Amino acid sequence: MLMPTPTPALRNAMSIDVEDYFQVSAFAPYIRREDWNGLECRVERNVDAILALLAEQQVKATFFTLGWIAERYPQVVKAIVAGGHELASHGYGHERASDLSPAAFLQDIASAKKLLEDLGGVPVVGYRAPSFSIGKGNLWAFDVLRDAGYRYSSSVYPIAHDHYGMPDSPRFAYPVRDGLLEIPVTTLRMGSRNLPSSGGGYFRLLPYALSRWMIRRVNEVDGEPAVFYFHPWEIDPDQPRVAGIDAKTRFRHYVNIARTQGRIARLLGDFRWGRMDDIFLGREASPRVPAPSLSPA
Ligand SMILES: [Zn+2]
C-alpha cells in the first residue's frame, strides 16, 4: 500500500543574543556603562548551559554576540563555534543603532565583526541590532551593514512597541538592499495587527501552549520559517537583581525567568530548528515573493 510522503516540517531559526543582564537596554538608565566592568558576569555559565541544551537536542543555532563580551570572554566565542553554531554579530557596545551617527554605527559593527572573526576563525555575515533599533528614522543603517560586509540583518521587529518596532514593515525575510537580507523576528498576523510570537519577554509572559500555537500558525498558514530569539540571562533565575528600577522594567525583565529554561527545552523538542545562515542564505532558502521595498518616510 502506498502511503503519502509526509511533508517535512519547516525548519525554524533559533537565535540567541549574547549579552549579560546588565547590558539590557531597559537597564541603561540605572546602570552606567563605565560600571559594566565591575559587575558580576553571568554570560559564560549561561552560554554553557544553552550550548548543553542545544547539544542535547541536536540543534544548531545562531549566536548574535556582542563584541564587548567576545573581547572579555574569548572562550565563549570558541565554544559557540566548536559546537557547530553560527557566530554572528550583535555589534560591539550594545548601543542602539538609532542613537548612533552613521560613522559611529560603522565603527561599532565593523569592530565587532573583525573581533568575532579573529577569535572564532569563521566569517561573520549576520547582524542583529540591539533592541531591534533599525526603523524608519535610520534606514541608512542597512547601507552601512552591506558596505561593512554583512549579508543579512535581523534588526527590524514589525510590531508596535514603546521601545522599538516598525509595524508596517514586511513580516518575513526580504532583500532590503542589494546583497543584504532583512530577516525579521516572527510575528503572527491577527486582524490588522502583528503580534510578537518569537521570544523575549512575550515568550516568558504568555503560556507556552500559546507560543507554540503561534509558531505552528506561521509555519502552516504563512508557510514560513519562524525566527525565535532569547538571551542567556533569560535562563538565569540567580542573576543579581538590579535595584531601584521601575515596576514595568522589573516585570518585563524578571517575569517567569525561573521557567524559561524548561520552556526553551520544550520548544527545541516541539519544532525543527537550524542556524539563520543555513535557513535563509543556504540551500534551504526559497525564493520569496518580492516584498514591498522600504523607502525612507
Ligand atoms: Zn541585545
# chains A, B, ... in the order shown; residues from 1 in each chain; ligands from 1
$ residues_around --residues "stretch 111-122 of chain A" --least-positions-apart "4" --cutoff "8 Å" --atoms "only C-alpha atoms" --output "ChimeraX atom specification"
/A:66-67,70-71,74,77-78,81,87-92,107
$ select_by_dssp --residues "stretch 103-197 of chain A" --states "alpha helix (DSSP H)" --output "JSON, numbers by chain"
{"A": [103, 104, 105, 106, 107, 108, 109, 110, 111, 112, 113, 114, 115, 116, 117, 118, 119, 120, 140, 141, 142, 143, 144, 145, 146, 147]}
$ atom_distance --atom1 "atom CA of A:Gly199" --atom2 "atom CA of A:Glu220"
18.8 Å
$ select_by_dssp --residues "stretch 50-287 of chain A" --states "strand (DSSP E or B)" --output "ChimeraX atom specification"
/A:62-65,86-89,126-127,152-153,174-177,180-182,187-190,193-196,199,227-230,272-274
$ write_last_selection --atoms "C-alpha atoms" --output "JSON list (two decimals), in the first residue's frame"
[["chain", "number", "residue", "atom", "x", "y", "z"],
["A", 62, "THR", "CA", 22.82, 31.41, 15.60],
["A", 63, "PHE", "CA", 24.54, 33.41, 18.36],
["A", 64, "PHE", "CA", 24.42, 37.19, 17.83],
["A", 65, "THR", "CA", 27.36, 38.01, 20.07],
["A", 86, "GLU", "CA", 26.69, 30.21, 13.60],
["A", 87, "LEU", "CA", 28.72, 33.06, 15.07],
["A", 88, "ALA", "CA", 27.03, 36.37, 14.27],
["A", 89, "SER", "CA", 27.29, 39.94, 15.49],
["A", 126, "GLY", "CA", 24.79, 38.15, 10.26],
["A", 127, "TYR", "CA", 23.91, 41.12, 12.45],
["A", 152, "TYR", "CA", 21.86, 39.67, 6.49],
["A", 153, "SER", "CA", 20.34, 41.65, 9.32],
["A", 174, "TYR", "CA", 13.25, 40.07, 2.12],
["A", 175, "PRO", "CA", 16.13, 41.73, 0.30],
["A", 176, "VAL", "CA", 16.37, 45.16, 1.90],
["A", 177, "ARG", "CA", 19.42, 46.14, -0.16],
["A", 180, "LEU", "CA", 21.58, 42.24, 2.18],
["A", 181, "LEU", "CA", 18.55, 40.36, 3.52],
["A", 182, "GLU", "CA", 16.46, 41.63, 6.40],
["A", 187, "THR", "CA", 5.05, 37.93, 14.32],
["A", 188, "LEU", "CA", 1.58, 36.50, 13.89],
["A", 189, "ARG", "CA", -0.91, 38.48, 11.85],
["A", 190, "MET", "CA", -4.23, 38.90, 13.70],
["A", 193, "ARG", "CA", -2.11, 43.83, 13.92],
["A", 194, "ASN", "CA", 1.14, 41.90, 14.19],
["A", 195, "LEU", "CA", 1.55, 40.04, 17.47],
["A", 196, "PRO", "CA", 5.05, 39.25, 18.74],
["A", 199, "GLY", "CA", 10.74, 35.15, 22.09],
["A", 227, "VAL", "CA", 12.74, 33.28, 13.79],
["A", 228, "PHE", "CA", 12.93, 32.85, 17.56],
["A", 229, "TYR", "CA", 15.28, 34.66, 19.95],
["A", 230, "PHE", "CA", 16.24, 34.69, 23.61],
["A", 272, "ARG", "CA", 12.76, 21.59, 13.88],
["A", 273, "TRP", "CA", 15.44, 24.26, 14.28],
["A", 274, "GLY", "CA", 18.54, 25.49, 12.50]]
$ residues_near_ligand --ligand "ligand 1" --cutoff "7 Å" --atoms "only C-alpha atoms and all ligand atoms" --output "short mmCIF file (atom, residue, chain, number, x, y, z; two decimals) with all heavy atoms, in the first residue's frame"
data_model
loop_
_atom_site.label_atom_id
_atom_site.label_comp_id
_atom_site.auth_asym_id
_atom_site.auth_seq_id
_atom_site.Cartn_x
_atom_site.Cartn_y
_atom_site.Cartn_z
N ASP A 17 20.83 36.14 21.61
CA ASP A 17 21.56 37.42 21.65
C ASP A 17 22.48 37.37 22.86
O ASP A 17 22.02 37.44 24.01
CB ASP A 17 20.59 38.60 21.77
CG ASP A 17 19.73 38.77 20.52
OD1 ASP A 17 19.92 38.02 19.54
OD2 ASP A 17 18.86 39.67 20.52
N GLU A 19 24.60 38.61 25.44
CA GLU A 19 24.91 39.80 26.22
C GLU A 19 24.61 39.46 27.67
O GLU A 19 23.96 38.45 27.94
CB GLU A 19 24.01 40.96 25.78
CG GLU A 19 22.54 40.70 26.10
CD GLU A 19 21.57 41.56 25.31
OE1 GLU A 19 21.82 41.81 24.13
OE2 GLU A 19 20.55 41.96 25.89
N VAL A 24 21.25 45.03 29.16
CA VAL A 24 19.90 45.17 28.60
C VAL A 24 19.54 46.66 28.48
O VAL A 24 19.78 47.43 29.41
CB VAL A 24 18.91 44.44 29.54
CG1 VAL A 24 17.48 44.71 29.17
CG2 VAL A 24 19.22 42.94 29.54
N HIS A 90 26.25 41.14 17.31
CA HIS A 90 25.23 41.96 17.96
C HIS A 90 25.80 43.38 18.14
O HIS A 90 25.35 44.13 19.00
CB HIS A 90 24.86 41.32 19.29
CG HIS A 90 23.58 41.81 19.92
ND1 HIS A 90 22.49 42.22 19.19
CD2 HIS A 90 23.21 41.94 21.23
CE1 HIS A 90 21.51 42.58 20.03
NE2 HIS A 90 21.93 42.44 21.26
N HIS A 94 26.54 47.46 22.42
CA HIS A 94 25.10 47.44 22.73
C HIS A 94 24.48 48.82 22.79
O HIS A 94 23.55 49.07 23.57
CB HIS A 94 24.79 46.67 24.01
CG HIS A 94 23.44 45.99 23.95
ND1 HIS A 94 22.31 46.52 24.55
CD2 HIS A 94 23.03 44.86 23.33
CE1 HIS A 94 21.29 45.72 24.29
NE2 HIS A 94 21.69 44.70 23.56
N PRO A 130 20.99 45.94 18.59
CA PRO A 130 20.49 45.95 19.96
C PRO A 130 19.08 46.52 19.99
O PRO A 130 18.80 47.54 19.34
CB PRO A 130 21.47 46.88 20.68
CG PRO A 130 22.74 46.77 19.88
CD PRO A 130 22.30 46.58 18.46
N SER A 131 18.20 45.86 20.70
CA SER A 131 16.80 46.31 20.86
C SER A 131 16.11 46.59 19.52
O SER A 131 15.28 47.50 19.45
CB SER A 131 16.73 47.58 21.72
OG SER A 131 17.34 47.34 22.96
#
$ residues_around --residues "A:Ala103" --least-positions-apart "3" --cutoff "12 Å" --atoms "only C-alpha atoms" --output "ChimeraX atom specification"
/A:97,99-100,106-110,140-141,143-145,148
$ atom_distance --atom1 "atom CA of A:Val59" --atom2 "atom CA of A:Asp270"
11.8 Å
$ atom_distance --atom1 "atom CA of A:Arg151" --atom2 "atom CA of A:Gly282"
11.9 Å
$ closest_atom_pairs --of "stretch 146-218 of chain A" --to "stretch 244-258 of chain A" --cutoff "12 Å" --atoms "only C-alpha atoms" --output "Markdown table"
| residue | atom | partner | partner_atom | distance |
| --- | --- | --- | --- | --- |
| A:Asp162 | CA | A:Lys248 | CA | 11.7 |
| A:His163 | CA | A:Thr249 | CA | 11.6 |
| A:Gly200 | CA | A:Arg252 | CA | 9.2 |
| A:Gly201 | CA | A:Arg252 | CA | 5.9 |
| A:Tyr202 | CA | A:Arg252 | CA | 8.6 |
| A:Phe203 | CA | A:Asn256 | CA | 9.3 |
| A:Arg204 | CA | A:Asn256 | CA | 5.5 |
| A:Leu205 | CA | A:Val255 | CA | 6.4 |
| A:Leu206 | CA | A:Asn256 | CA | 9.4 |
| A:Pro207 | CA | A:Asn256 | CA | 10.2 |
| A:Tyr208 | CA | A:Asn256 | CA | 11.1 |
$ write_last_selection --atoms "N, CA, C and O atoms" --output "PDB file, in the first residue's frame"
ATOM      1  N   ASP A 162       6.763  50.200  22.732  1.00  0.00           N
ATOM      2  CA  ASP A 162       7.213  51.527  23.179  1.00  0.00           C
ATOM      3  C   ASP A 162       8.716  51.752  22.972  1.00  0.00           C
ATOM      4  O   ASP A 162       9.164  52.879  22.902  1.00  0.00           O
ATOM      5  N   HIS A 163       9.508  50.698  22.868  1.00  0.00           N
ATOM      6  CA  HIS A 163      10.953  50.890  22.707  1.00  0.00           C
ATOM      7  C   HIS A 163      11.449  50.662  21.282  1.00  0.00           C
ATOM      8  O   HIS A 163      12.557  51.039  20.948  1.00  0.00           O
ATOM      9  N   GLY A 200      11.783  36.587  23.682  1.00  0.00           N
ATOM     10  CA  GLY A 200      11.902  37.733  24.569  1.00  0.00           C
ATOM     11  C   GLY A 200      10.881  37.666  25.690  1.00  0.00           C
ATOM     12  O   GLY A 200      10.411  36.596  26.081  1.00  0.00           O
ATOM     13  N   GLY A 201      10.513  38.828  26.211  1.00  0.00           N
ATOM     14  CA  GLY A 201       9.602  38.908  27.344  1.00  0.00           C
ATOM     15  C   GLY A 201       8.244  38.288  27.053  1.00  0.00           C
ATOM     16  O   GLY A 201       7.602  37.738  27.946  1.00  0.00           O
ATOM     17  N   TYR A 202       7.792  38.372  25.799  1.00  0.00           N
ATOM     18  CA  TYR A 202       6.478  37.826  25.463  1.00  0.00           C
ATOM     19  C   TYR A 202       6.455  36.305  25.658  1.00  0.00           C
ATOM     20  O   TYR A 202       5.472  35.748  26.126  1.00  0.00           O
ATOM     21  N   PHE A 203       7.546  35.655  25.297  1.00  0.00           N
ATOM     22  CA  PHE A 203       7.613  34.193  25.441  1.00  0.00           C
ATOM     23  C   PHE A 203       7.572  33.800  26.915  1.00  0.00           C
ATOM     24  O   PHE A 203       6.961  32.800  27.282  1.00  0.00           O
ATOM     25  N   ARG A 204       8.196  34.628  27.752  1.00  0.00           N
ATOM     26  CA  ARG A 204       8.177  34.318  29.185  1.00  0.00           C
ATOM     27  C   ARG A 204       6.806  34.605  29.801  1.00  0.00           C
ATOM     28  O   ARG A 204       6.359  33.923  30.698  1.00  0.00           O
ATOM     29  N   LEU A 205       6.156  35.630  29.276  1.00  0.00           N
ATOM     30  CA  LEU A 205       4.873  36.055  29.837  1.00  0.00           C
ATOM     31  C   LEU A 205       3.715  35.139  29.429  1.00  0.00           C
ATOM     32  O   LEU A 205       2.902  34.733  30.258  1.00  0.00           O
ATOM     33  N   LEU A 206       3.640  34.803  28.133  1.00  0.00           N
ATOM     34  CA  LEU A 206       2.498  34.035  27.622  1.00  0.00           C
ATOM     35  C   LEU A 206       2.612  32.562  27.996  1.00  0.00           C
ATOM     36  O   LEU A 206       3.718  32.052  28.157  1.00  0.00           O
ATOM     37  N   PRO A 207       1.474  31.860  28.105  1.00  0.00           N
ATOM     38  CA  PRO A 207       1.538  30.419  28.344  1.00  0.00           C
ATOM     39  C   PRO A 207       2.292  29.735  27.193  1.00  0.00           C
ATOM     40  O   PRO A 207       2.146  30.153  26.035  1.00  0.00           O
ATOM     41  N   TYR A 208       3.055  28.700  27.512  1.00  0.00           N
ATOM     42  CA  TYR A 208       3.854  28.034  26.483  1.00  0.00           C
ATOM     43  C   TYR A 208       2.988  27.561  25.315  1.00  0.00           C
ATOM     44  O   TYR A 208       3.368  27.708  24.143  1.00  0.00           O
TER      45      TYR A 208
END
$ closest_residue --among "A:Val242, A:Ala104, A:Val125, A:Met214" --to "A:Phe280" --atoms "only C-alpha atoms"
A:Val125
$ residues_around --residues "A:Lys60" --least-positions-apart "4" --cutoff "8 Å" --atoms "only C-alpha atoms" --output "PyMOL selection string"
chain A and resi 14+54-55+83-86+273-275
$ closest_residue --among "A:Arg266, A:Arg217, A:Arg96, A:Arg171" --to "A:Thr186" --atoms "only C-alpha atoms"
A:Arg171
